$ cat coords-v1.pdb   # PDB, C-alpha atoms, pLDDT in the B column
ATOM      1  CA  MET P   2      -8.421 -20.026  -2.363  1.00 74.00           C
ATOM      2  CA  ASP P   3      -7.400 -18.599  -5.676  1.00 83.00           C
ATOM      3  CA  ILE P   4      -5.394 -15.442  -6.271  1.00 80.00           C
ATOM      4  CA  PHE P   5      -8.479 -13.214  -6.627  1.00 81.00           C
ATOM      5  CA  SER P   6      -9.677 -14.206  -3.191  1.00 88.00           C
ATOM      6  CA  VAL P   7      -6.354 -13.424  -1.603  1.00 88.00           C
ATOM      7  CA  LEU P   8      -6.080 -10.070  -3.407  1.00 84.00           C
ATOM      8  CA  CYS P   9      -9.601  -9.047  -2.392  1.00 87.00           C
ATOM      9  CA  ILE P  10      -8.988 -10.011   1.238  1.00 92.00           C
ATOM     10  CA  LEU P  11      -5.645  -8.164   1.336  1.00 89.00           C
ATOM     11  CA  LEU P  12      -7.135  -5.098  -0.325  1.00 88.00           C
ATOM     12  CA  GLY P  13     -10.014  -5.072   2.177  1.00 93.00           C
ATOM     13  CA  PHE P  14      -7.602  -5.410   5.074  1.00 94.00           C
ATOM     14  CA  LEU P  15      -5.469  -2.585   3.670  1.00 90.00           C
ATOM     15  CA  VAL P  16      -8.504  -0.294   3.324  1.00 92.00           C
ATOM     16  CA  ILE P  17      -9.641  -0.996   6.889  1.00 94.00           C
ATOM     17  CA  VAL P  18      -6.195  -0.511   8.401  1.00 92.00           C
ATOM     18  CA  SER P  19      -5.379   2.656   6.469  1.00 88.00           C
ATOM     19  CA  ARG P  20      -8.733   4.466   6.597  1.00 89.00           C
ATOM     20  CA  GLY P  21     -10.507   2.878   9.550  1.00 89.00           C
ATOM     21  CA  PRO P  22      -8.849   5.042  12.237  1.00 91.00           C
ATOM     22  CA  LEU P  23     -10.507   8.087  10.688  1.00 90.00           C
ATOM     23  CA  ALA P  24     -13.802   6.869  12.169  1.00 91.00           C
ATOM     24  CA  PHE P  25     -12.478   6.964  15.723  1.00 91.00           C
ATOM     25  CA  ASP P  26      -9.948   9.810  16.019  1.00 89.00           C
ATOM     26  CA  PRO P  27      -9.543  11.898  12.843  1.00 90.00           C
ATOM     27  CA  SER P  28      -7.160  14.520  14.226  1.00 89.00           C
ATOM     28  CA  ARG P  29      -4.734  11.916  15.537  1.00 91.00           C
ATOM     29  CA  THR P  30      -4.965   9.973  12.276  1.00 90.00           C
ATOM     30  CA  PHE P  31      -4.171  13.088  10.225  1.00 91.00           C
ATOM     31  CA  ARG P  32      -1.252  13.800  12.567  1.00 91.00           C
ATOM     32  CA  ALA P  33       0.057  10.272  11.999  1.00 90.00           C
ATOM     33  CA  TYR P  34      -0.318  10.653   8.215  1.00 88.00           C
ATOM     34  CA  ARG P  35       1.531  13.974   8.363  1.00 90.00           C
ATOM     35  CA  SER P  36       4.385  12.540  10.442  1.00 90.00           C
ATOM     36  CA  PHE P  37       4.718   9.646   8.003  1.00 86.00           C
ATOM     37  CA  PHE P  38       5.290  11.964   5.028  1.00 86.00           C
ATOM     38  CA  MET P  39       7.799  14.267   6.771  1.00 88.00           C
ATOM     39  CA  THR P  40      11.041  12.787   5.393  1.00 89.00           C
ATOM     40  CA  ASN P  41      12.109  11.720   1.921  1.00 90.00           C
ATOM     41  CA  ALA P  42      13.348   8.371   3.265  1.00 91.00           C
ATOM     42  CA  ARG P  43       9.888   7.463   4.559  1.00 91.00           C
ATOM     43  CA  VAL P  44       8.301   8.444   1.250  1.00 90.00           C
ATOM     44  CA  ARG P  45      10.808   6.261  -0.611  1.00 92.00           C
ATOM     45  CA  ALA P  46      10.212   3.346   1.782  1.00 92.00           C
ATOM     46  CA  TRP P  47       6.493   3.723   1.133  1.00 89.00           C
ATOM     47  CA  GLY P  48       7.294   3.729  -2.594  1.00 91.00           C
ATOM     48  CA  VAL P  49       9.105   0.394  -2.279  1.00 93.00           C
ATOM     49  CA  VAL P  50       6.079  -1.174  -0.576  1.00 90.00           C
ATOM     50  CA  VAL P  51       3.778   0.275  -3.236  1.00 91.00           C
ATOM     51  CA  ALA P  52       6.096  -1.033  -5.973  1.00 93.00           C
ATOM     52  CA  LEU P  53       5.853  -4.537  -4.496  1.00 91.00           C
ATOM     53  CA  LEU P  54       2.055  -4.302  -4.548  1.00 87.00           C
ATOM     54  CA  ALA P  55       2.154  -3.085  -8.155  1.00 90.00           C
ATOM     55  CA  ALA P  56       4.469  -5.930  -9.144  1.00 91.00           C
ATOM     56  CA  ALA P  57       2.123  -8.441  -7.544  1.00 86.00           C
ATOM     57  CA  LEU P  58      -0.874  -7.035  -9.401  1.00 84.00           C
ATOM     58  CA  LEU P  59       0.923  -6.878 -12.733  1.00 87.00           C
ATOM     59  CA  LEU P  60       2.904 -10.116 -12.707  1.00 87.00           C
ATOM     60  CA  LEU P  61       0.544 -12.612 -11.106  1.00 82.00           C
ATOM     61  CA  PRO P  62      -1.538 -14.662 -13.537  1.00 81.00           C
ATOM     62  CA  LEU P  63      -5.025 -13.306 -12.894  1.00 76.00           C
ATOM     63  CA  GLY P  64      -6.771 -15.073 -15.748  1.00 78.00           C
ATOM     64  CA  GLU P  65      -9.593 -13.616 -17.829  1.00 82.00           C
ATOM     65  CA  GLY P  66     -12.557 -11.434 -17.014  1.00 82.00           C
ATOM     66  CA  VAL P  67     -13.519  -7.985 -15.874  1.00 84.00           C
ATOM     67  CA  LEU P  68     -12.107  -8.337 -12.361  1.00 79.00           C
ATOM     68  CA  SER P  69      -8.686  -9.298 -13.671  1.00 82.00           C
ATOM     69  CA  ASP P  70      -8.745  -6.294 -16.028  1.00 85.00           C
ATOM     70  CA  ILE P  71      -9.623  -3.992 -13.118  1.00 86.00           C
ATOM     71  CA  PHE P  72      -6.761  -5.380 -11.045  1.00 84.00           C
ATOM     72  CA  TYR P  73      -4.401  -4.993 -14.012  1.00 87.00           C
ATOM     73  CA  VAL P  74      -5.309  -1.318 -14.559  1.00 90.00           C
ATOM     74  CA  PHE P  75      -5.107  -0.703 -10.814  1.00 89.00           C
ATOM     75  CA  GLY P  76      -1.628  -2.277 -10.870  1.00 90.00           C
ATOM     76  CA  TRP P  77      -0.424   0.161 -13.546  1.00 93.00           C
ATOM     77  CA  ILE P  78      -1.791   3.121 -11.589  1.00 94.00           C
ATOM     78  CA  ILE P  79      -0.005   1.897  -8.461  1.00 92.00           C
ATOM     79  CA  ALA P  80       3.192   1.342 -10.480  1.00 94.00           C
ATOM     80  CA  ALA P  81       3.092   4.969 -11.654  1.00 94.00           C
ATOM     81  CA  LEU P  82       2.591   6.141  -8.062  1.00 91.00           C
ATOM     82  CA  ALA P  83       5.534   4.012  -6.908  1.00 93.00           C
ATOM     83  CA  LEU P  84       7.723   5.419  -9.655  1.00 92.00           C
ATOM     84  CA  VAL P  85       6.885   8.993  -8.674  1.00 90.00           C
ATOM     85  CA  SER P  86       7.505   8.306  -4.985  1.00 90.00           C
ATOM     86  CA  LEU P  87      10.873   6.709  -5.699  1.00 91.00           C
ATOM     87  CA  LEU P  88      12.149   9.254  -8.226  1.00 92.00           C
ATOM     88  CA  VAL P  89      10.819  12.558  -6.856  1.00 91.00           C
ATOM     89  CA  PRO P  90       9.859  12.049  -3.201  1.00 90.00           C
ATOM     90  CA  LYS P  91      10.007  15.766  -2.422  1.00 91.00           C
ATOM     91  CA  ILE P  92       7.204  16.556  -4.868  1.00 89.00           C
ATOM     92  CA  LEU P  93       5.039  13.703  -3.593  1.00 88.00           C
ATOM     93  CA  LYS P  94       5.780  14.705   0.001  1.00 90.00           C
ATOM     94  CA  GLY P  95       4.658  18.284  -0.596  1.00 90.00           C
ATOM     95  CA  PHE P  96       1.571  17.115  -2.469  1.00 90.00           C
ATOM     96  CA  ALA P  97       0.587  14.639   0.260  1.00 89.00           C
ATOM     97  CA  LEU P  98       1.155  17.136   3.082  1.00 91.00           C
ATOM     98  CA  GLN P  99      -0.927  19.742   1.304  1.00 94.00           C
ATOM     99  CA  ILE P 100      -3.777  17.280   0.772  1.00 91.00           C
ATOM    100  CA  ILE P 101      -3.674  16.197   4.423  1.00 90.00           C
ATOM    101  CA  ASP P 102      -3.734  19.812   5.637  1.00 91.00           C
ATOM    102  CA  ASN P 103      -6.623  20.699   3.335  1.00 91.00           C
ATOM    103  CA  LEU P 104      -8.624  17.645   4.398  1.00 87.00           C
ATOM    104  CA  GLU P 105      -8.061  18.335   8.062  1.00 88.00           C
ATOM    105  CA  HIS P 106      -9.069  21.983   7.940  1.00 90.00           C
ATOM    106  CA  SER P 107     -11.822  22.050   5.316  1.00 92.00           C
ATOM    107  CA  ILE P 108     -13.925  18.974   6.142  1.00 90.00           C
ATOM    108  CA  PRO P 109     -15.917  18.793   9.384  1.00 92.00           C
ATOM    109  CA  THR P 110     -14.885  16.107  11.851  1.00 90.00           C
ATOM    110  CA  ALA P 111     -18.293  14.422  11.708  1.00 92.00           C
ATOM    111  CA  LEU P 112     -18.022  13.973   7.942  1.00 93.00           C
ATOM    112  CA  VAL P 113     -14.503  12.560   8.290  1.00 91.00           C
ATOM    113  CA  ARG P 114     -15.834  10.039  10.814  1.00 93.00           C
ATOM    114  CA  VAL P 115     -18.618   9.043   8.416  1.00 94.00           C
ATOM    115  CA  LEU P 116     -16.063   8.605   5.617  1.00 92.00           C
ATOM    116  CA  GLY P 117     -13.992   6.432   7.965  1.00 93.00           C
ATOM    117  CA  LEU P 118     -17.042   4.261   8.650  1.00 95.00           C
ATOM    118  CA  LEU P 119     -17.710   4.002   4.908  1.00 95.00           C
ATOM    119  CA  ALA P 120     -14.097   2.942   4.378  1.00 94.00           C
ATOM    120  CA  ILE P 121     -14.568   0.206   6.965  1.00 95.00           C
ATOM    121  CA  ALA P 122     -17.717  -0.923   5.129  1.00 96.00           C
ATOM    122  CA  VAL P 123     -15.862  -0.967   1.788  1.00 94.00           C
ATOM    123  CA  GLY P 124     -13.023  -2.985   3.346  1.00 94.00           C
ATOM    124  CA  LEU P 125     -15.489  -5.467   4.795  1.00 95.00           C
ATOM    125  CA  ALA P 126     -17.171  -5.716   1.375  1.00 94.00           C
ATOM    126  CA  PHE P 127     -13.821  -6.560  -0.236  1.00 92.00           C
ATOM    127  CA  ILE P 128     -13.206  -9.203   2.416  1.00 94.00           C
ATOM    128  CA  TYR P 129     -16.695 -10.617   1.864  1.00 94.00           C
ATOM    129  CA  VAL P 130     -16.109 -10.786  -1.890  1.00 91.00           C
ATOM    130  CA  GLY P 131     -12.763 -12.490  -1.306  1.00 90.00           C
ATOM    131  CA  ILE P 132     -14.174 -15.103   1.037  1.00 91.00           C
ATOM    132  CA  TYR P 133     -17.620 -15.899  -0.344  1.00 88.00           C
ATOM    133  CA  VAL P 134     -18.035 -14.609  -3.905  1.00 81.00           C
ATOM    134  CA  VAL P 135     -14.774 -15.194  -5.754  1.00 69.00           C
TER     135      VAL P 135
END

$ encode --input "coords-v1.pdb" --output "structure tokens"
Amino acid sequence: MDIFSVLCILLGFLVIVSRGPLAFDPSRTFRAYRSFFMTNARVRAWGVVVALLAAALLLLPLGEGVLSDIFYVFGWIIAALALVSLLVPKILKGFALQIIDNLEHSIPTALVRVLGLLAIAVGLAFIYVGIYVV
């Protein structure tokens, strides 16, 4: 397996694990998201994990092509998010909590479940691309 395969499989796994629970119990998932972003220390710990992902996307030799360019741009976006979460966690915490509250109260539960199922499908597509295509 080359590096693209591993990245696609990890990205698919990450999408399924992070958004898949929305298909089964959206209110509990939103509660878990909200509890995760309650303290600045948790936001900074999340920023460290995101910074490691950004470093992997930016520093690994991905070669040439459109897919490597997409991963490179995605790495810079993730690096900016990690920088914000490490430097000003209070702002990111307030922003994330507001988004979670708005999503929970403005979108019907059935639509959230459908979006969770679509996230599972997207994660499985990334895993398929990582195993069979790349």

$ atom_distance --input "coords-v1.pdb" --atom1 "CA of Lys91 in chain P" --atom2 "CA of Ala42 in chain P"
9.9 Å

$ residues_near_point --input "coords-v1.pdb" --point "(5.5, 9.7, -1.4)" --cutoff "9 Å" --atoms "only C-alpha atoms" --output "ChimeraX atom specification"
/P:38,41,43-48,82-83,85-87,89-97

$ closest_atom_pairs --input "coords-v1.pdb" --of "range 19-111 of chain P" --to "range 7-12 of chain P" --cutoff "10 Å" --atoms "all atoms listed in the file" --output "CSV"
residue,atom,partner,partner_atom,distance
P:Ala57,CA,P:Leu8,CA,9.3
P:Leu58,CA,P:Leu8,CA,8.5
P:Phe72,CA,P:Leu8,CA,9.0

$ atom_distance --input "coords-v1.pdb" --atom1 "CA of Gly76 in chain P" --atom2 "CA of Tyr133 in chain P"
23.5 Å

$ closest_residue --input "coords-v1.pdb" --among "P:Gly117, P:Leu104, P:Leu98, P:Leu125" --to "Thr40 in chain P" --atoms "all atoms listed in the file"
P:Leu98

$ resolve_selection --input "coords-v1.pdb" --expression "the PyMOL selection byres ((chain P and resi 105) around 12)" --output "PDB file with C-alpha atoms, in the coordinates of the input"
ATOM      1  CA  LEU P  23     -10.507   8.087  10.688  1.00 90.00           C
ATOM      2  CA  ASP P  26      -9.948   9.810  16.019  1.00 89.00           C
ATOM      3  CA  PRO P  27      -9.543  11.898  12.843  1.00 90.00           C
ATOM      4  CA  SER P  28      -7.160  14.520  14.226  1.00 89.00           C
ATOM      5  CA  ARG P  29      -4.734  11.916  15.537  1.00 91.00           C
ATOM      6  CA  THR P  30      -4.965   9.973  12.276  1.00 90.00           C
ATOM      7  CA  PHE P  31      -4.171  13.088  10.225  1.00 91.00           C
ATOM      8  CA  ARG P  32      -1.252  13.800  12.567  1.00 91.00           C
ATOM      9  CA  TYR P  34      -0.318  10.653   8.215  1.00 88.00           C
ATOM     10  CA  ARG P  35       1.531  13.974   8.363  1.00 90.00           C
ATOM     11  CA  LEU P  98       1.155  17.136   3.082  1.00 91.00           C
ATOM     12  CA  GLN P  99      -0.927  19.742   1.304  1.00 94.00           C
ATOM     13  CA  ILE P 100      -3.777  17.280   0.772  1.00 91.00           C
ATOM     14  CA  ILE P 101      -3.674  16.197   4.423  1.00 90.00           C
ATOM     15  CA  ASP P 102      -3.734  19.812   5.637  1.00 91.00           C
ATOM     16  CA  ASN P 103      -6.623  20.699   3.335  1.00 91.00           C
ATOM     17  CA  LEU P 104      -8.624  17.645   4.398  1.00 87.00           C
ATOM     18  CA  HIS P 106      -9.069  21.983   7.940  1.00 90.00           C
ATOM     19  CA  SER P 107     -11.822  22.050   5.316  1.00 92.00           C
ATOM     20  CA  ILE P 108     -13.925  18.974   6.142  1.00 90.00           C
ATOM     21  CA  PRO P 109     -15.917  18.793   9.384  1.00 92.00           C
ATOM     22  CA  THR P 110     -14.885  16.107  11.851  1.00 90.00           C
ATOM     23  CA  ALA P 111     -18.293  14.422  11.708  1.00 92.00           C
ATOM     24  CA  LEU P 112     -18.022  13.973   7.942  1.00 93.00           C
ATOM     25  CA  VAL P 113     -14.503  12.560   8.290  1.00 91.00           C
ATOM     26  CA  ARG P 114     -15.834  10.039  10.814  1.00 93.00           C
TER      27      ARG P 114
END

$ residues_around --input "coords-v1.pdb" --residues "Ala56 in chain P" --least-positions-apart "6" --cutoff "10 Å" --atoms "only C-alpha atoms" --output "ChimeraX atom specification"
/P:50,76-77,79-80

$ atom_distance --input "coords-v1.pdb" --atom1 "CA of Gly66 in chain P" --atom2 "CA of Gly131 in chain P"
15.7 Å

$ closest_residue --input "coords-v1.pdb" --among "P:Leu15, P:Ile132, P:Ala24, P:Phe5" --to "Tyr73 in chain P" --atoms "only C-alpha atoms"
P:Phe5

$ closest_residue --input "coords-v1.pdb" --among "P:Val18, P:Leu53, P:Met2, P:Met39" --to "Leu118 in chain P" --atoms "all atoms listed in the file"
P:Val18

$ closest_residue --input "coords-v1.pdb" --among "P:Ile17, P:Ile78, P:Val49, P:Leu60" --to "Ala126 in chain P" --atoms "only C-alpha atoms"
P:Ile17

$ closest_residue --input "coords-v1.pdb" --among "P:Leu116, P:Arg20, P:Leu88, P:Tyr129" --to "Ala33 in chain P" --atoms "only C-alpha atoms"
P:Arg20
